[in-house]
$ cat final03.cif   # mmCIF, C-alpha atoms
data_final
#
loop_
_atom_site.group_PDB
_atom_site.id
_atom_site.type_symbol
_atom_site.label_atom_id
_atom_site.label_comp_id
_atom_site.auth_asym_id
_atom_site.auth_seq_id
_atom_site.Cartn_x
_atom_site.Cartn_y
_atom_site.Cartn_z
ATOM 1 C CA MET A 1 -37.209 -21.474 102.343
ATOM 2 C CA GLY A 2 -40.126 -21.922 99.963
ATOM 3 C CA LEU A 3 -39.869 -23.619 96.606
ATOM 4 C CA PHE A 4 -39.534 -20.371 94.643
ATOM 5 C CA SER A 5 -37.664 -18.286 97.190
ATOM 6 C CA ARG A 6 -34.090 -17.287 96.544
ATOM 7 C CA SER A 7 -31.421 -15.377 98.321
ATOM 8 C CA LYS A 8 -30.376 -11.978 96.980
ATOM 9 C CA PRO A 9 -27.408 -12.139 94.598
ATOM 10 C CA LYS A 10 -24.201 -10.880 96.090
ATOM 11 C CA ILE A 11 -23.593 -8.110 93.564
ATOM 12 C CA LYS A 12 -21.547 -5.161 94.695
ATOM 13 C CA VAL A 13 -23.024 -1.924 93.349
ATOM 14 C CA GLU A 14 -20.455 0.796 92.637
ATOM 15 C CA THR A 15 -21.624 4.390 92.791
ATOM 16 C CA THR A 16 -18.695 5.696 90.723
ATOM 17 C CA LYS A 17 -17.141 4.402 87.532
ATOM 18 C CA ARG A 18 -13.739 2.798 87.841
ATOM 19 C CA ASP A 19 -13.272 1.653 84.270
ATOM 20 C CA SER A 20 -10.587 2.891 81.885
ATOM 21 C CA TYR A 21 -12.963 5.266 80.074
ATOM 22 C CA SER A 22 -13.503 7.534 83.057
ATOM 23 C CA GLY A 23 -12.209 11.029 82.276
ATOM 24 C CA TRP A 24 -11.677 10.388 78.564
ATOM 25 C CA ILE A 25 -13.072 12.745 75.933
ATOM 26 C CA LYS A 26 -13.120 12.793 72.134
ATOM 27 C CA CYS A 27 -11.170 15.655 70.571
ATOM 28 C CA SER A 28 -13.551 17.828 68.573
ATOM 29 C CA ASN A 29 -10.872 18.324 65.902
ATOM 30 C CA CYS A 30 -9.025 15.026 65.328
ATOM 31 C CA LEU A 31 -11.699 12.830 67.026
ATOM 32 C CA ASP A 32 -9.047 10.859 68.925
ATOM 33 C CA MET A 33 -9.613 9.948 72.553
ATOM 34 C CA ILE A 34 -7.667 12.070 75.034
ATOM 35 C CA HIS A 35 -7.763 12.146 78.802
ATOM 36 C CA ALA A 36 -8.966 15.275 80.587
ATOM 37 C CA ASN A 37 -5.868 15.325 82.798
ATOM 38 C CA GLU A 38 -3.621 15.115 79.747
ATOM 39 C CA LEU A 39 -5.520 17.997 78.168
ATOM 40 C CA LYS A 40 -5.154 20.093 81.306
ATOM 41 C CA ASP A 41 -1.428 19.403 81.559
ATOM 42 C CA ASN A 42 -1.002 20.481 77.926
ATOM 43 C CA LEU A 43 -2.494 23.985 78.448
ATOM 44 C CA ASN A 44 -5.891 22.820 77.142
ATOM 45 C CA CYS A 45 -4.408 21.831 73.788
ATOM 46 C CA CYS A 46 -4.957 18.393 72.257
ATOM 47 C CA PRO A 47 -1.673 16.469 72.669
ATOM 48 C CA LYS A 48 -2.292 14.687 69.345
ATOM 49 C CA CYS A 49 -3.433 17.384 66.895
ATOM 50 C CA ASP A 50 -2.625 20.518 68.983
ATOM 51 C CA TYR A 51 -6.186 21.841 68.700
ATOM 52 C CA HIS A 52 -6.471 24.819 71.057
ATOM 53 C CA TYR A 53 -9.503 24.622 73.350
ATOM 54 C CA ARG A 54 -10.794 27.738 75.082
ATOM 55 C CA LEU A 55 -9.326 29.026 78.315
ATOM 56 C CA SER A 56 -11.125 31.003 81.002
ATOM 57 C CA ALA A 57 -9.911 34.530 81.753
ATOM 58 C CA THR A 58 -8.203 33.259 84.905
ATOM 59 C CA GLN A 59 -6.454 30.436 83.039
ATOM 60 C CA ARG A 60 -5.333 32.887 80.383
ATOM 61 C CA MET A 61 -3.965 35.191 83.049
ATOM 62 C CA ASP A 62 -1.971 32.356 84.609
ATOM 63 C CA LEU A 63 -0.606 31.481 81.159
ATOM 64 C CA ILE A 64 0.619 34.963 80.258
ATOM 65 C CA LEU A 65 1.505 36.750 83.494
ATOM 66 C CA ASP A 66 4.181 36.171 86.104
ATOM 67 C CA GLU A 67 2.869 34.362 89.165
ATOM 68 C CA ASN A 68 0.962 36.561 91.656
ATOM 69 C CA SER A 69 1.730 39.716 89.650
ATOM 70 C CA PHE A 70 -1.819 40.678 88.635
ATOM 71 C CA THR A 71 -3.707 43.535 90.299
ATOM 72 C CA PRO A 72 -7.319 43.964 89.077
ATOM 73 C CA MET A 73 -8.645 47.436 88.320
ATOM 74 C CA PHE A 74 -12.045 49.111 87.915
ATOM 75 C CA THR A 75 -13.838 46.297 89.764
ATOM 76 C CA ASP A 76 -16.451 48.752 91.062
ATOM 77 C CA ILE A 77 -18.032 49.115 87.609
ATOM 78 C CA LYS A 78 -20.968 46.708 87.325
ATOM 79 C CA PRO A 79 -23.371 45.981 84.432
ATOM 80 C CA LYS A 80 -26.986 47.170 84.552
ATOM 81 C CA ASP A 81 -30.102 46.432 82.541
ATOM 82 C CA THR A 82 -30.515 50.063 81.498
ATOM 83 C CA LEU A 83 -32.894 49.326 78.609
ATOM 84 C CA LYS A 84 -34.972 46.759 80.578
ATOM 85 C CA PHE A 85 -34.359 44.433 77.662
ATOM 86 C CA VAL A 86 -36.360 41.212 77.318
ATOM 87 C CA ASP A 87 -36.023 38.485 74.687
ATOM 88 C CA THR A 88 -36.736 34.912 75.794
ATOM 89 C CA GLN A 89 -35.872 36.120 79.295
ATOM 90 C CA LYS A 90 -34.914 39.348 81.039
ATOM 91 C CA TYR A 91 -31.408 40.679 80.472
ATOM 92 C CA SER A 92 -31.048 41.109 84.239
ATOM 93 C CA LYS A 93 -31.564 37.343 84.648
ATOM 94 C CA ARG A 94 -29.028 36.612 81.913
ATOM 95 C CA LEU A 95 -26.486 38.792 83.705
ATOM 96 C CA LYS A 96 -27.045 37.023 86.990
ATOM 97 C CA ALA A 97 -26.720 33.587 85.374
ATOM 98 C CA ALA A 98 -23.520 34.603 83.573
ATOM 99 C CA GLN A 99 -22.018 35.955 86.796
ATOM 100 C CA GLU A 100 -22.764 32.705 88.604
ATOM 101 C CA LYS A 101 -21.348 30.607 85.752
ATOM 102 C CA SER A 102 -18.132 32.556 85.179
ATOM 103 C CA LYS A 103 -17.571 33.801 88.760
ATOM 104 C CA ASN A 104 -16.882 37.246 87.242
ATOM 105 C CA ASP A 105 -18.949 40.442 87.247
ATOM 106 C CA GLU A 106 -18.490 40.998 83.510
ATOM 107 C CA ALA A 107 -17.031 39.522 80.344
ATOM 108 C CA ILE A 108 -13.629 41.129 80.860
ATOM 109 C CA ILE A 109 -10.940 41.296 83.521
ATOM 110 C CA VAL A 110 -8.588 44.276 83.371
ATOM 111 C CA GLY A 111 -5.631 45.311 85.478
ATOM 112 C CA ILE A 112 -1.883 45.577 85.844
ATOM 113 C CA GLY A 113 0.506 42.638 85.738
ATOM 114 C CA LYS A 114 4.010 41.619 84.811
ATOM 115 C CA ILE A 115 5.478 39.531 82.010
ATOM 116 C CA ASN A 116 9.052 38.515 82.810
ATOM 117 C CA ASP A 117 9.179 41.418 85.301
ATOM 118 C CA GLN A 118 8.009 43.952 82.681
ATOM 119 C CA LYS A 119 4.946 45.855 83.935
ATOM 120 C CA ILE A 120 1.994 45.889 81.528
ATOM 121 C CA ALA A 121 -1.666 46.861 81.340
ATOM 122 C CA ILE A 122 -3.752 43.848 80.368
ATOM 123 C CA GLY A 123 -7.365 43.027 79.539
ATOM 124 C CA ILE A 124 -8.721 39.498 78.990
ATOM 125 C CA LEU A 125 -12.165 38.709 77.604
ATOM 126 C CA ASP A 126 -13.937 35.662 79.039
ATOM 127 C CA PHE A 127 -16.087 33.752 76.520
ATOM 128 C CA SER A 128 -17.955 31.966 79.318
ATOM 129 C CA PHE A 129 -19.651 35.274 80.221
ATOM 130 C CA MET A 130 -22.356 35.746 77.575
ATOM 131 C CA ALA A 131 -19.944 34.667 74.825
ATOM 132 C CA GLY A 132 -17.475 37.399 75.767
ATOM 133 C CA SER A 133 -19.837 39.977 74.298
ATOM 134 C CA MET A 134 -18.989 43.673 74.524
ATOM 135 C CA GLY A 135 -21.498 45.698 76.491
ATOM 136 C CA SER A 136 -21.184 49.139 78.074
ATOM 137 C CA VAL A 137 -19.141 47.913 81.041
ATOM 138 C CA VAL A 138 -16.725 45.939 78.859
ATOM 139 C CA GLY A 139 -16.181 48.986 76.648
ATOM 140 C CA GLU A 140 -15.767 51.273 79.651
ATOM 141 C CA LYS A 141 -13.238 49.006 81.361
ATOM 142 C CA ILE A 142 -11.195 48.646 78.172
ATOM 143 C CA THR A 143 -11.248 52.417 77.640
ATOM 144 C CA LEU A 144 -10.180 53.128 81.219
ATOM 145 C CA LEU A 145 -7.405 50.548 80.901
ATOM 146 C CA ILE A 146 -6.146 52.149 77.671
ATOM 147 C CA GLU A 147 -6.228 55.593 79.273
ATOM 148 C CA TYR A 148 -4.314 54.279 82.299
ATOM 149 C CA ALA A 149 -1.692 52.702 80.030
ATOM 150 C CA THR A 150 -1.392 55.993 78.146
ATOM 151 C CA GLU A 151 -0.972 58.000 81.347
ATOM 152 C CA LYS A 152 1.550 55.605 82.933
ATOM 153 C CA LYS A 153 3.404 54.894 79.637
ATOM 154 C CA LEU A 154 2.758 51.143 79.845
ATOM 155 C CA PRO A 155 2.561 48.573 77.040
ATOM 156 C CA LEU A 156 -0.976 47.288 76.532
ATOM 157 C CA VAL A 157 -2.073 43.695 75.888
ATOM 158 C CA ILE A 158 -5.692 42.728 75.197
ATOM 159 C CA VAL A 159 -6.687 39.072 74.697
ATOM 160 C CA SER A 160 -9.958 38.720 72.790
ATOM 161 C CA ALA A 161 -12.488 35.881 72.747
ATOM 162 C CA SER A 162 -15.884 37.235 71.824
ATOM 163 C CA GLY A 163 -19.091 36.833 69.888
ATOM 164 C CA GLY A 164 -19.173 40.608 69.294
ATOM 165 C CA ALA A 165 -21.345 43.446 70.586
ATOM 166 C CA ARG A 166 -23.991 42.554 73.176
ATOM 167 C CA MET A 167 -27.413 42.629 71.547
ATOM 168 C CA GLN A 168 -29.207 43.163 74.876
ATOM 169 C CA GLU A 169 -27.634 46.629 75.111
ATOM 170 C CA SER A 170 -28.442 47.645 71.527
ATOM 171 C CA ILE A 171 -26.865 50.961 70.458
ATOM 172 C CA LEU A 172 -25.134 51.319 73.831
ATOM 173 C CA SER A 173 -22.943 48.326 73.021
ATOM 174 C CA LEU A 174 -22.205 49.549 69.477
ATOM 175 C CA MET A 175 -20.987 52.876 70.892
ATOM 176 C CA GLN A 176 -18.166 51.010 72.642
ATOM 177 C CA MET A 177 -16.550 50.327 69.252
ATOM 178 C CA ALA A 178 -15.958 54.035 68.665
ATOM 179 C CA LYS A 179 -15.000 54.728 72.282
ATOM 180 C CA THR A 180 -12.326 52.031 72.515
ATOM 181 C CA SER A 181 -10.949 52.925 69.071
ATOM 182 C CA ALA A 182 -10.644 56.613 70.009
ATOM 183 C CA ALA A 183 -8.789 55.707 73.205
ATOM 184 C CA LEU A 184 -6.366 53.532 71.203
ATOM 185 C CA THR A 185 -5.679 56.458 68.866
ATOM 186 C CA ARG A 186 -4.483 58.502 71.847
ATOM 187 C CA LEU A 187 -2.307 55.573 72.976
ATOM 188 C CA HIS A 188 -0.833 55.329 69.491
ATOM 189 C CA ASN A 189 -0.103 59.068 69.408
ATOM 190 C CA GLU A 190 2.074 58.568 72.502
ATOM 191 C CA ASN A 191 4.130 55.910 70.636
ATOM 192 C CA LEU A 192 3.075 53.220 73.103
ATOM 193 C CA LEU A 193 2.798 49.551 72.237
ATOM 194 C CA TYR A 194 -0.504 47.722 71.902
ATOM 195 C CA LEU A 195 -0.450 43.944 71.360
ATOM 196 C CA SER A 196 -3.754 42.370 70.337
ATOM 197 C CA VAL A 197 -4.096 38.606 70.878
ATOM 198 C CA LEU A 198 -6.964 36.919 69.006
ATOM 199 C CA THR A 199 -8.274 33.578 70.227
ATOM 200 C CA ASN A 200 -11.097 31.285 69.143
ATOM 201 C CA PRO A 201 -13.522 32.879 68.417
ATOM 202 C CA THR A 202 -13.047 36.623 67.884
ATOM 203 C CA THR A 203 -15.975 38.032 65.932
ATOM 204 C CA GLY A 204 -18.438 40.895 65.469
ATOM 205 C CA GLY A 205 -17.932 44.347 66.937
ATOM 206 C CA VAL A 206 -14.826 43.278 68.846
ATOM 207 C CA THR A 207 -13.083 42.290 65.597
ATOM 208 C CA ALA A 208 -14.370 45.507 64.011
ATOM 209 C CA SER A 209 -12.811 47.682 66.714
ATOM 210 C CA PHE A 210 -10.036 47.253 69.269
ATOM 211 C CA ALA A 211 -9.119 43.642 68.386
ATOM 212 C CA SER A 212 -7.951 44.671 64.907
ATOM 213 C CA LEU A 213 -6.095 47.825 65.936
ATOM 214 C CA GLY A 214 -2.997 46.315 67.531
ATOM 215 C CA ASP A 215 0.499 47.388 66.524
ATOM 216 C CA ILE A 216 1.162 43.655 66.453
ATOM 217 C CA ILE A 217 -1.778 41.277 65.993
ATOM 218 C CA ILE A 218 -1.148 37.737 67.224
ATOM 219 C CA ALA A 219 -3.550 34.826 66.799
ATOM 220 C CA GLU A 220 -3.719 31.304 68.147
ATOM 221 C CA PRO A 221 -3.735 28.434 65.603
ATOM 222 C CA LYS A 222 -7.018 27.682 63.814
ATOM 223 C CA ALA A 223 -8.870 30.486 65.633
ATOM 224 C CA LEU A 224 -12.120 31.719 64.061
ATOM 225 C CA ILE A 225 -11.609 35.440 63.381
ATOM 226 C CA ALA A 226 -14.338 37.298 61.511
ATOM 227 C CA PHE A 227 -16.968 40.008 61.593
ATOM 228 C CA ALA A 228 -19.877 37.717 60.722
ATOM 229 C CA GLY A 229 -19.599 33.957 61.271
ATOM 230 C CA PRO A 230 -19.400 31.554 58.312
ATOM 231 C CA ARG A 231 -23.039 30.456 58.567
ATOM 232 C CA VAL A 232 -24.310 34.056 58.461
ATOM 233 C CA VAL A 233 -22.057 34.914 55.520
ATOM 234 C CA GLU A 234 -23.128 31.837 53.556
ATOM 235 C CA GLN A 235 -26.821 32.582 54.170
ATOM 236 C CA THR A 236 -26.292 36.184 53.033
ATOM 237 C CA ILE A 237 -24.349 35.568 49.808
ATOM 238 C CA ASN A 238 -25.842 32.131 49.058
ATOM 239 C CA GLN A 239 -22.367 30.697 48.555
ATOM 240 C CA LYS A 240 -20.253 28.342 50.590
ATOM 241 C CA LEU A 241 -17.012 29.828 51.897
ATOM 242 C CA PRO A 242 -13.710 28.087 51.087
ATOM 243 C CA ASP A 243 -12.402 25.766 53.789
ATOM 244 C CA GLY A 244 -10.628 27.729 56.511
ATOM 245 C CA ALA A 245 -11.640 31.099 55.015
ATOM 246 C CA GLN A 246 -12.096 32.729 58.423
ATOM 247 C CA LYS A 247 -9.387 30.908 60.331
ATOM 248 C CA SER A 248 -6.183 32.531 61.552
ATOM 249 C CA GLU A 249 -4.029 30.745 58.937
ATOM 250 C CA PHE A 250 -6.100 32.254 56.100
ATOM 251 C CA LEU A 251 -5.953 35.707 57.706
ATOM 252 C CA LEU A 252 -2.182 35.474 58.077
ATOM 253 C CA ALA A 253 -1.767 34.569 54.413
ATOM 254 C CA ASN A 254 -3.906 37.583 53.443
ATOM 255 C CA GLY A 255 -2.255 40.126 55.719
ATOM 256 C CA MET A 256 -4.880 40.763 58.392
ATOM 257 C CA ILE A 257 -2.760 39.406 61.258
ATOM 258 C CA ASP A 258 0.993 39.427 61.826
ATOM 259 C CA LEU A 259 1.763 35.975 63.166
ATOM 260 C CA ILE A 260 0.304 32.806 64.661
ATOM 261 C CA VAL A 261 1.693 31.663 67.984
ATOM 262 C CA LYS A 262 1.014 28.398 69.767
ATOM 263 C CA ARG A 263 -0.182 28.719 73.329
ATOM 264 C CA ARG A 264 2.973 27.376 74.944
ATOM 265 C CA GLU A 265 5.004 30.065 73.117
ATOM 266 C CA LEU A 266 2.626 32.975 73.736
ATOM 267 C CA LYS A 267 4.205 34.475 76.842
ATOM 268 C CA LYS A 268 7.670 34.343 75.297
ATOM 269 C CA LYS A 269 6.504 36.059 72.104
ATOM 270 C CA ILE A 270 4.614 38.809 73.958
ATOM 271 C CA SER A 271 7.655 39.388 76.166
ATOM 272 C CA PHE A 272 9.854 39.612 73.053
ATOM 273 C CA PHE A 273 7.754 42.357 71.467
ATOM 274 C CA ILE A 274 7.427 44.341 74.707
ATOM 275 C CA ASP A 275 11.168 44.224 75.266
ATOM 276 C CA PHE A 276 11.832 45.095 71.617
ATOM 277 C CA PHE A 277 9.684 48.232 71.643
ATOM 278 C CA MET A 278 9.729 49.494 75.215
ATOM 279 C CA ASN A 279 13.491 49.263 75.690
ATOM 280 C CA ASN A 280 14.215 51.115 72.450
ATOM 281 C CA PRO A 281 12.040 54.242 72.740
ATOM 282 C CA LYS A 282 14.253 56.529 70.632
ATOM 283 C CA ASP A 283 14.594 54.084 67.773
ATOM 284 C CA VAL A 284 10.869 53.313 67.866
ATOM 285 C CA SER A 285 9.911 56.970 67.594
ATOM 286 C CA ASN A 286 12.074 57.547 64.503
ATOM 287 C CA GLY A 287 10.956 54.319 62.845
ATOM 288 C CA LYS A 288 14.261 52.418 62.881
ATOM 289 C CA GLN A 289 13.009 49.597 65.057
ATOM 290 C CA LYS A 290 9.735 49.331 63.164
ATOM 291 C CA GLY A 291 11.699 48.666 59.977
ATOM 292 C CA LYS A 292 13.794 46.106 61.788
ATOM 293 C CA LEU A 293 10.658 44.472 63.185
ATOM 294 C CA LYS A 294 9.226 44.159 59.664
ATOM 295 C CA GLN A 295 12.279 42.195 58.680
ATOM 296 C CA LEU A 296 11.828 39.912 61.694
ATOM 297 C CA LEU A 297 8.199 39.271 60.803
ATOM 298 C CA LYS A 298 9.172 38.433 57.217
ATOM 299 C CA MET A 299 11.526 35.815 58.596
ATOM 300 C CA ALA A 300 8.527 33.906 59.962
ATOM 301 C CA ASP A 301 8.177 30.644 58.055
ATOM 302 C CA ARG A 302 4.552 30.867 56.890
ATOM 303 C CA THR A 303 4.649 27.508 55.128
ATOM 304 C CA LYS A 304 4.650 25.675 58.452
ATOM 305 C CA GLU A 305 1.698 25.173 60.724
ATOM 306 C CA ASP A 306 3.808 26.292 63.675
ATOM 307 C CA ILE A 307 4.618 29.879 62.719
ATOM 308 C CA THR A 308 7.326 31.310 64.928
ATOM 309 C CA LEU A 309 9.976 33.992 64.717
ATOM 310 C CA LYS A 310 13.394 32.590 63.809
#
$ encode --input "final03.cif" --output "structure tokens"
Amino acid sequence: MGLFSRSKPKIKVETTKRDSYSGWIKCSNCLDMIHANELKDNLNCCPKCDYHYRLSATQRMDLILDENSFTPMFTDIKPKDTLKFVDTQKYSKRLKAAQEKSKNDEAIIVGIGKINDQKIAIGILDFSFMAGSMGSVVGEKITLLIEYATEKKLPLVIVSASGGARMQESILSLMQMAKTSAALTRLHNENLLYLSVLTNPTTGGVTASFASLGDIIIAEPKALIAFAGPRVVEQTINQKLPDGAQKSEFLLANGMIDLIVKRRELKKKISFFIDFFMNNPKDVSNGKQKGKLKQLLKMADRTKEDITLK
């Protein structure tokens, strides 16, 4: 060997991390470190502060419905770029990208399933598909689902997570607010139950239509529920909103929603209401059970963060 030659250092290069930080994330609410596996095992809720992270439509379905009980409906209805809309890119390209990302054709999955062996009609909005926005297909699928529930005398559950009406469809998306609301009126006239579940976030035209028309309106803890988001409101009125002004706890205190339910309790609570209404049809029609239900809701301890029926 020459004077300045040297052998290569025997350093083993690892292609994957094996340190203790692998898989750890910082909670966006409490800022504590939590492991991804721990988060997954806890239904996507922080095990330290109970902050509820978003779920996909499929995860939400697994949470609420009995195993292997879901049958999708109206899968033949696909979105189209009817207006040939272009902003920074073509709407048709946005649709294709959203379909690849979410593995769904649209921002909602609708169908028939079971909760504790009780058959229901259910729709679940998926925020990963263009922020769960309501376009023509979303409105049409919801309307068809409501009409099916009305015809078959089934309780209806819709889980919302949305940024509102889809701007790329302009007036066509806004028309879905009236269409879904009219369909819910017919459901209501048949004395059938509609449970609306609001998750983070539920905003815009979805909040202004079917999401706010439930016989019972349930929300997850600390969910943003509003028509316009806090930044838009503050820019419009030139005032800062109070802390938590558009969160589910504030809405509960001011009467817009009926109760807040943690994710692990959601299936049990939905099952309770379905059983309460659907198995007492005579009492529901003459108002006896509705009065009794009011008393049950008043029993909810609203001073606690975990609001549950006693």
$ residues_around --input "final03.cif" --residues "stretch 159-168 of chain A" --least-positions-apart "3" --cutoff "7 Å" --atoms "only C-alpha atoms" --output "list in words"
Phe85, Tyr91, Gly123, Ile124, Leu125, Asp126, Phe127, Ala131, Gly132, Ser133, Met134, Gly135, Ser173, Leu174, Ser196, Val197, Leu198, Thr199, Asn200, Pro201, Thr202, Thr203, Gly204, Gly205, Val206 and Ala211 of chain A
$ residues_near_point --input "final03.cif" --point "(-8.3, 34.2, 81.8)" --cutoff "9 Å" --atoms "only C-alpha atoms" --output "list of chain:residue names"
A:Leu55, A:Ser56, A:Ala57, A:Thr58, A:Gln59, A:Arg60, A:Met61, A:Asp62, A:Leu63, A:Ile108, A:Ile109, A:Ile124, A:Leu125, A:Asp126, A:Val159
$ atom_distance --input "final03.cif" --atom1 "atom CA of A:Glu249" --atom2 "atom CA of A:Ala219"
8.9 Å
$ closest_residue --input "final03.cif" --among "A:Ala245, A:Ile237, A:Ile216, A:Ile225" --to "A:Phe276" --atoms "only C-alpha atoms"
A:Ile216
$ resolve_selection --input "final03.cif" --expression "the PyMOL selection byres ((chain A and resi 260) around 6)" --output "PyMOL selection string"
chain A and resi 218-220+259+261+307
$ atom_distance --input "final03.cif" --atom1 "atom CA of A:Val232" --atom2 "atom CA of A:Ile171"
20.9 Å
$ residues_around --input "final03.cif" --residues "A:Lys26" --least-positions-apart "3" --cutoff "12 Å" --atoms "only C-alpha atoms" --output "list in words"
Tyr21, Gly23, Asn29, Cys30, Leu31, Asp32, Met33, Ile34, His35, Ala36, Leu39, Cys46, Lys48, Cys49 and Tyr51 of chain A
$ resolve_selection --input "final03.cif" --expression "the PyMOL selection byres ((chain A and resi 82) around 12)" --output "list of chain:residue names"
A:Lys78, A:Pro79, A:Lys80, A:Asp81, A:Leu83, A:Lys84, A:Phe85, A:Val86, A:Lys90, A:Tyr91, A:Ser92, A:Gly135, A:Ser136, A:Val137, A:Gln168, A:Glu169, A:Ser170, A:Ile171, A:Leu172, A:Ser173
